[in-house]
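Raw contents of final.txt, compact mmCIF, N, CA and C atoms:
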# COMPACT_ATOMS: atom_id res chain seq x y z
N MET T 22 -4.77 -1.63 8.50
CA MET T 22 -5.56 -0.43 8.71
C MET T 22 -5.05 0.29 9.95
N ILE T 23 -5.19 1.60 9.90
CA ILE T 23 -4.78 2.46 10.99
C ILE T 23 -6.01 3.20 11.48
N LEU T 24 -6.11 3.40 12.79
CA LEU T 24 -7.18 4.19 13.37
C LEU T 24 -6.66 5.58 13.66
N GLY T 25 -7.51 6.59 13.47
CA GLY T 25 -7.11 7.96 13.76
C GLY T 25 -8.31 8.86 13.92
N LYS T 26 -8.07 10.05 14.49
CA LYS T 26 -9.12 11.06 14.63
C LYS T 26 -8.75 12.27 13.79
N ILE T 27 -9.73 12.83 13.12
CA ILE T 27 -9.51 14.01 12.29
C ILE T 27 -9.27 15.20 13.20
N VAL T 28 -8.13 15.89 12.98
CA VAL T 28 -7.80 17.06 13.80
C VAL T 28 -7.63 18.32 12.98
N GLY T 29 -7.69 18.22 11.66
CA GLY T 29 -7.55 19.42 10.84
C GLY T 29 -7.58 19.11 9.36
N THR T 30 -7.43 20.18 8.58
CA THR T 30 -7.43 20.10 7.12
C THR T 30 -6.09 20.60 6.62
N VAL T 31 -5.58 19.97 5.58
CA VAL T 31 -4.33 20.39 4.95
C VAL T 31 -4.69 20.95 3.57
N THR T 32 -4.31 22.19 3.32
CA THR T 32 -4.59 22.79 2.02
C THR T 32 -3.30 23.10 1.29
N SER T 33 -3.38 23.02 -0.02
CA SER T 33 -2.23 23.30 -0.88
C SER T 33 -2.77 23.81 -2.21
N ASN T 34 -2.23 24.92 -2.68
CA ASN T 34 -2.72 25.43 -3.96
C ASN T 34 -2.05 24.74 -5.14
N THR T 35 -1.03 23.93 -4.87
CA THR T 35 -0.36 23.18 -5.92
C THR T 35 -0.09 21.77 -5.44
N ASN T 36 -0.51 20.79 -6.22
CA ASN T 36 -0.14 19.40 -5.93
C ASN T 36 -0.20 18.61 -7.23
N GLY T 37 0.41 17.45 -7.22
CA GLY T 37 0.52 16.66 -8.43
C GLY T 37 -0.57 15.61 -8.58
N ILE T 38 -1.61 15.71 -7.76
CA ILE T 38 -2.67 14.72 -7.81
C ILE T 38 -3.97 15.39 -8.24
N ASN T 39 -4.61 14.82 -9.23
CA ASN T 39 -5.86 15.38 -9.73
C ASN T 39 -6.99 14.41 -9.44
N ILE T 40 -7.56 14.53 -8.24
CA ILE T 40 -8.67 13.67 -7.85
C ILE T 40 -9.85 14.57 -7.51
N PRO T 41 -10.84 14.63 -8.38
CA PRO T 41 -12.00 15.49 -8.14
C PRO T 41 -12.69 15.14 -6.83
N GLY T 42 -12.96 16.14 -6.02
CA GLY T 42 -13.66 15.93 -4.76
C GLY T 42 -12.79 15.48 -3.61
N GLY T 43 -11.53 15.22 -3.88
CA GLY T 43 -10.63 14.77 -2.83
C GLY T 43 -10.12 15.94 -2.00
N ARG T 44 -9.98 15.72 -0.71
CA ARG T 44 -9.38 16.73 0.15
C ARG T 44 -8.46 16.02 1.13
N TYR T 45 -7.51 16.76 1.64
CA TYR T 45 -6.52 16.18 2.54
C TYR T 45 -6.84 16.58 3.98
N LEU T 46 -6.82 15.60 4.87
CA LEU T 46 -7.10 15.84 6.27
C LEU T 46 -5.90 15.46 7.13
N LEU T 47 -5.73 16.19 8.21
CA LEU T 47 -4.68 15.88 9.19
C LEU T 47 -5.30 14.93 10.21
N VAL T 48 -4.67 13.79 10.37
CA VAL T 48 -5.21 12.74 11.24
C VAL T 48 -4.18 12.43 12.34
N ASN T 49 -4.66 12.40 13.58
CA ASN T 49 -3.83 12.00 14.72
C ASN T 49 -4.15 10.53 14.98
N LYS T 50 -3.16 9.67 14.85
CA LYS T 50 -3.39 8.24 15.07
C LYS T 50 -3.85 8.01 16.50
N CYS T 51 -4.68 6.97 16.69
CA CYS T 51 -5.20 6.67 18.02
C CYS T 51 -5.37 5.17 18.19
N ASN T 52 -5.67 4.77 19.42
CA ASN T 52 -5.96 3.36 19.66
C ASN T 52 -7.46 3.12 19.53
N GLN T 53 -7.91 1.91 19.81
CA GLN T 53 -9.30 1.55 19.61
C GLN T 53 -10.26 2.28 20.55
N ALA T 54 -9.74 2.87 21.63
CA ALA T 54 -10.58 3.63 22.56
C ALA T 54 -10.51 5.13 22.27
N ALA T 55 -9.95 5.50 21.13
CA ALA T 55 -9.83 6.89 20.67
C ALA T 55 -8.83 7.70 21.48
N GLU T 56 -7.89 7.06 22.15
CA GLU T 56 -6.83 7.76 22.87
C GLU T 56 -5.74 8.13 21.87
N LEU T 57 -5.50 9.44 21.75
CA LEU T 57 -4.58 9.95 20.74
C LEU T 57 -3.13 9.58 21.03
N LYS T 58 -2.36 9.37 19.95
CA LYS T 58 -0.95 8.98 20.06
C LYS T 58 0.01 10.12 19.75
N ASN T 59 -0.50 11.28 19.32
CA ASN T 59 0.34 12.40 18.88
C ASN T 59 1.31 11.96 17.78
N ASP T 60 0.80 11.15 16.87
CA ASP T 60 1.52 10.67 15.69
C ASP T 60 0.61 11.00 14.51
N PHE T 61 1.02 11.97 13.70
CA PHE T 61 0.14 12.54 12.69
C PHE T 61 0.43 12.01 11.29
N ILE T 62 -0.63 12.01 10.48
CA ILE T 62 -0.53 11.60 9.09
C ILE T 62 -1.50 12.46 8.27
N VAL T 63 -1.12 12.73 7.03
CA VAL T 63 -2.02 13.42 6.10
C VAL T 63 -2.63 12.36 5.21
N ALA T 64 -3.96 12.33 5.15
CA ALA T 64 -4.64 11.30 4.37
C ALA T 64 -5.66 11.94 3.43
N LEU T 65 -5.79 11.35 2.25
CA LEU T 65 -6.79 11.78 1.27
C LEU T 65 -8.16 11.28 1.72
N ASP T 66 -9.11 12.18 1.79
CA ASP T 66 -10.47 11.84 2.23
C ASP T 66 -11.42 11.84 1.05
N LEU T 67 -12.04 10.70 0.81
CA LEU T 67 -13.06 10.59 -0.23
C LEU T 67 -14.40 10.16 0.35
N VAL T 68 -14.47 10.01 1.70
CA VAL T 68 -15.70 9.53 2.33
C VAL T 68 -16.45 10.62 3.08
N GLY T 69 -15.90 11.83 3.14
CA GLY T 69 -16.59 12.94 3.78
C GLY T 69 -16.45 12.97 5.29
N ALA T 70 -15.29 12.58 5.79
CA ALA T 70 -15.06 12.60 7.24
C ALA T 70 -15.02 14.03 7.75
N GLY T 71 -15.44 14.20 9.01
CA GLY T 71 -15.48 15.52 9.61
C GLY T 71 -14.57 15.61 10.82
N TYR T 72 -14.40 16.83 11.31
CA TYR T 72 -13.54 17.10 12.45
C TYR T 72 -13.94 16.23 13.65
N ASP T 73 -12.95 15.66 14.30
CA ASP T 73 -13.07 14.87 15.53
C ASP T 73 -13.71 13.49 15.30
N GLU T 74 -13.93 13.08 14.05
CA GLU T 74 -14.44 11.74 13.81
C GLU T 74 -13.29 10.74 13.78
N MET T 75 -13.57 9.52 14.26
CA MET T 75 -12.58 8.45 14.17
C MET T 75 -12.73 7.79 12.80
N VAL T 76 -11.60 7.54 12.16
CA VAL T 76 -11.60 6.99 10.81
C VAL T 76 -10.63 5.82 10.69
N MET T 77 -10.83 5.02 9.64
CA MET T 77 -9.91 3.96 9.26
C MET T 77 -9.09 4.45 8.08
N ILE T 78 -7.81 4.19 8.12
CA ILE T 78 -6.90 4.66 7.07
C ILE T 78 -6.15 3.46 6.49
N ALA T 79 -6.08 3.42 5.17
CA ALA T 79 -5.23 2.45 4.47
C ALA T 79 -3.99 3.20 4.00
N GLU T 80 -2.84 2.56 4.10
CA GLU T 80 -1.58 3.20 3.71
C GLU T 80 -0.88 2.40 2.62
N SER T 81 0.08 3.06 2.01
CA SER T 81 1.01 2.46 1.06
C SER T 81 0.28 1.89 -0.16
N THR T 82 0.63 0.69 -0.55
CA THR T 82 0.07 0.10 -1.76
C THR T 82 -1.45 -0.01 -1.69
N SER T 83 -1.98 -0.31 -0.52
CA SER T 83 -3.44 -0.43 -0.36
C SER T 83 -4.13 0.89 -0.68
N ALA T 84 -3.50 2.01 -0.39
CA ALA T 84 -4.09 3.31 -0.66
C ALA T 84 -4.16 3.61 -2.15
N ARG T 85 -3.33 2.96 -2.93
CA ARG T 85 -3.30 3.20 -4.38
C ARG T 85 -4.08 2.16 -5.17
N GLU T 86 -4.79 1.27 -4.50
CA GLU T 86 -5.50 0.21 -5.19
C GLU T 86 -7.01 0.43 -5.23
N THR T 87 -7.45 1.67 -5.07
CA THR T 87 -8.88 1.96 -5.22
C THR T 87 -9.11 2.46 -6.65
N PRO T 88 -10.32 2.41 -7.14
CA PRO T 88 -10.57 2.93 -8.49
C PRO T 88 -10.20 4.41 -8.64
N THR T 89 -10.37 5.18 -7.57
CA THR T 89 -10.09 6.62 -7.62
C THR T 89 -8.60 6.93 -7.54
N THR T 90 -7.85 6.14 -6.79
CA THR T 90 -6.44 6.46 -6.54
C THR T 90 -5.46 5.63 -7.36
N SER T 91 -5.95 4.79 -8.23
CA SER T 91 -5.07 3.96 -9.05
C SER T 91 -4.09 4.82 -9.85
N ASN T 92 -2.83 4.48 -9.80
CA ASN T 92 -1.75 5.18 -10.50
C ASN T 92 -1.58 6.63 -10.05
N GLN T 93 -1.98 6.94 -8.83
CA GLN T 93 -1.80 8.27 -8.26
C GLN T 93 -0.74 8.20 -7.15
N ALA T 94 -0.12 9.32 -6.87
CA ALA T 94 0.90 9.38 -5.81
C ALA T 94 0.21 9.60 -4.47
N VAL T 95 -0.49 8.59 -4.00
CA VAL T 95 -1.22 8.66 -2.74
C VAL T 95 -0.63 7.63 -1.78
N ASP T 96 -0.33 8.07 -0.56
CA ASP T 96 0.26 7.16 0.42
C ASP T 96 -0.70 6.78 1.54
N ALA T 97 -1.74 7.58 1.77
CA ALA T 97 -2.72 7.27 2.81
C ALA T 97 -4.09 7.77 2.37
N ILE T 98 -5.11 6.94 2.62
CA ILE T 98 -6.47 7.30 2.22
C ILE T 98 -7.43 6.88 3.32
N ILE T 99 -8.40 7.75 3.58
CA ILE T 99 -9.43 7.44 4.56
C ILE T 99 -10.45 6.55 3.87
N VAL T 100 -10.67 5.35 4.43
CA VAL T 100 -11.56 4.38 3.78
C VAL T 100 -12.85 4.17 4.55
N GLY T 101 -12.97 4.74 5.75
CA GLY T 101 -14.21 4.57 6.50
C GLY T 101 -14.28 5.46 7.71
N ILE T 102 -15.50 5.79 8.11
CA ILE T 102 -15.76 6.54 9.34
C ILE T 102 -16.31 5.53 10.35
N ILE T 103 -15.70 5.48 11.52
CA ILE T 103 -16.05 4.46 12.51
C ILE T 103 -17.22 4.92 13.37
N ASP T 104 -18.21 4.04 13.49
CA ASP T 104 -19.37 4.31 14.34
C ASP T 104 -19.19 3.70 15.73
N MET T 105 -18.64 2.47 15.78
CA MET T 105 -18.49 1.78 17.06
C MET T 105 -17.38 0.75 16.97
N ILE T 106 -16.68 0.55 18.08
CA ILE T 106 -15.70 -0.53 18.18
C ILE T 106 -16.04 -1.36 19.41
N ASP T 107 -16.20 -2.65 19.19
CA ASP T 107 -16.50 -3.62 20.24
C ASP T 107 -15.26 -4.48 20.41
N GLU T 108 -14.72 -4.52 21.62
CA GLU T 108 -13.54 -5.34 21.91
C GLU T 108 -13.85 -6.27 23.06
N SER T 109 -13.77 -7.57 22.83
CA SER T 109 -14.05 -8.58 23.85
C SER T 109 -15.43 -8.37 24.50
N ASP T 110 -16.44 -8.18 23.65
CA ASP T 110 -17.82 -7.98 24.09
C ASP T 110 -18.03 -6.72 24.93
N LYS T 111 -17.16 -5.74 24.77
CA LYS T 111 -17.31 -4.46 25.48
C LYS T 111 -17.12 -3.35 24.48
N VAL T 112 -18.04 -2.40 24.46
CA VAL T 112 -17.93 -1.26 23.55
C VAL T 112 -16.85 -0.33 24.10
N VAL T 113 -15.77 -0.15 23.31
CA VAL T 113 -14.67 0.71 23.75
C VAL T 113 -14.70 2.07 23.07
N TYR T 114 -15.50 2.17 21.98
CA TYR T 114 -15.68 3.45 21.29
C TYR T 114 -17.05 3.48 20.65
N LYS T 115 -17.74 4.60 20.83
CA LYS T 115 -19.02 4.79 20.17
C LYS T 115 -19.10 6.26 19.75
N LYS T 116 -19.47 6.48 18.52
CA LYS T 116 -19.57 7.83 17.95
C LYS T 116 -20.60 8.67 18.68
Once you've parsed the file, please lay out its structure as structure tokens.
Amino acid sequence: MILGKIVGTVTSNTNGINIPGGRYLLVNKCNQAAELKNDFIVALDLVGAGYDEMVMIAESTSARETPTTSNQAVDAIIVGIIDMIDESDKVVYKK
């Protein structure tokens, strides 16, 4: 899993993927304390993530093993919106 923050939306009037309700978001990868890495990825969002939220992303084969993305050309998918991260009994991120 990869951590990232939503920084924008990617739109395209033509693509080869037909997933109803799916939208593509621009995600800046980050560490567990939400410090941005300036390393960007486009991920399919099916969980309703919003701008500036921290999310979990599955990539590669894992992204294509959901009921919605099976047999689709998807390389990254947002699988969760993070509420809190606790590291060594210390909260390092809270929504």
Members of chain T assigned strand (DSSP E or B) by DSSP, as number ranges by chain: T: 23-31, 44-51, 57-66, 75-80, 97-102, 105-108, 111-115
Distance of atom C of Asp96 in chain T from atom N of Ser83 in chain T, expressed in Å to one decimal place: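 Taking atom N of Ser83 in chain T as the start and atom C of Asp96 in chain T as the end point, the length is 7.5 Å.
Considering the residues T:Ala79, T:Gly25, T:Ala54, T:Asn34 and counting all atoms listed in the file, Tyr114 in chain T has its shortest atom-to-atom contact with T:Ala54.
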Between CA of Ser91 in chain T and CA of Ala64 in chain T, distance in Å (one decimal): 15.3 Å
Run DSSP on the backbone and give me the residues of range 38-113 of chain T it puts in helix (DSSP H, G or I), as an mmCIF file with N, CA and C atoms, in the coordinates of the input.
data_model
loop_
_atom_site.group_PDB
_atom_site.id
_atom_site.type_symbol
_atom_site.label_atom_id
_atom_site.label_comp_id
_atom_site.auth_asym_id
_atom_site.auth_seq_id
_atom_site.Cartn_x
_atom_site.Cartn_y
_atom_site.Cartn_z
ATOM 1 N N SER T 81 0.080 3.060 2.010
ATOM 2 C CA SER T 81 1.010 2.460 1.060
ATOM 3 C C SER T 81 0.280 1.890 -0.160
ATOM 4 N N THR T 82 0.630 0.690 -0.550
ATOM 5 C CA THR T 82 0.070 0.100 -1.760
ATOM 6 C C THR T 82 -1.450 -0.010 -1.690
ATOM 7 N N SER T 83 -1.980 -0.310 -0.520
ATOM 8 C CA SER T 83 -3.440 -0.430 -0.360
ATOM 9 C C SER T 83 -4.130 0.890 -0.680
ATOM 10 N N ALA T 84 -3.500 2.010 -0.390
ATOM 11 C CA ALA T 84 -4.090 3.310 -0.660
ATOM 12 C C ALA T 84 -4.160 3.610 -2.150
ATOM 13 N N ARG T 85 -3.330 2.960 -2.930
ATOM 14 C CA ARG T 85 -3.300 3.200 -4.380
ATOM 15 C C ARG T 85 -4.080 2.160 -5.170
#
Val112 in chain T environment, 8 Å, only N, CA and C atoms, sequence neighbours closer than 4 positions dropped, as a PyMOL selection string: chain T and resi 53-54+105-108
Interatomic distance (Å, one decimal) between CA of Val95 in chain T and CA of Glu74 in chain T: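 The value is 21.4 Å.
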Best match for closeness to Val68 in chain T among T:Gly43, T:Glu56, T:Cys51, T:Met22, counting all atoms listed in the file: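 Residue with the minimum atom-to-atom distance to Val68 in chain T: T:Gly43.
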Which of T:Ile40, T:Ile23, T:Ala70, T:Ala97 sits closest to Thr82 in chain T [using all atoms listed in the file]: T:Ala97
Shell around Asp73 in chain T at 6.5 Å using all atoms listed in the file, local window under 3 positions removed, as number ranges by chain: T: 26-29
Residue among T:Asp60, T:Leu47, T:Ser81, T:Gly69 lying closest to Thr32 in chain T, counting all atoms listed in the file: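 Among T:Asp60, T:Leu47, T:Ser81, T:Gly69, it is T:Leu47 that comes nearest to Thr32 in chain T.
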Selected residue of minimal separation from Ala84 in chain T among T:Ile98, T:Val113, T:Ala55, T:Val31, counting all atoms listed in the file: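 With all atoms listed in the file as the atom set, the closest residue is T:Ile98.
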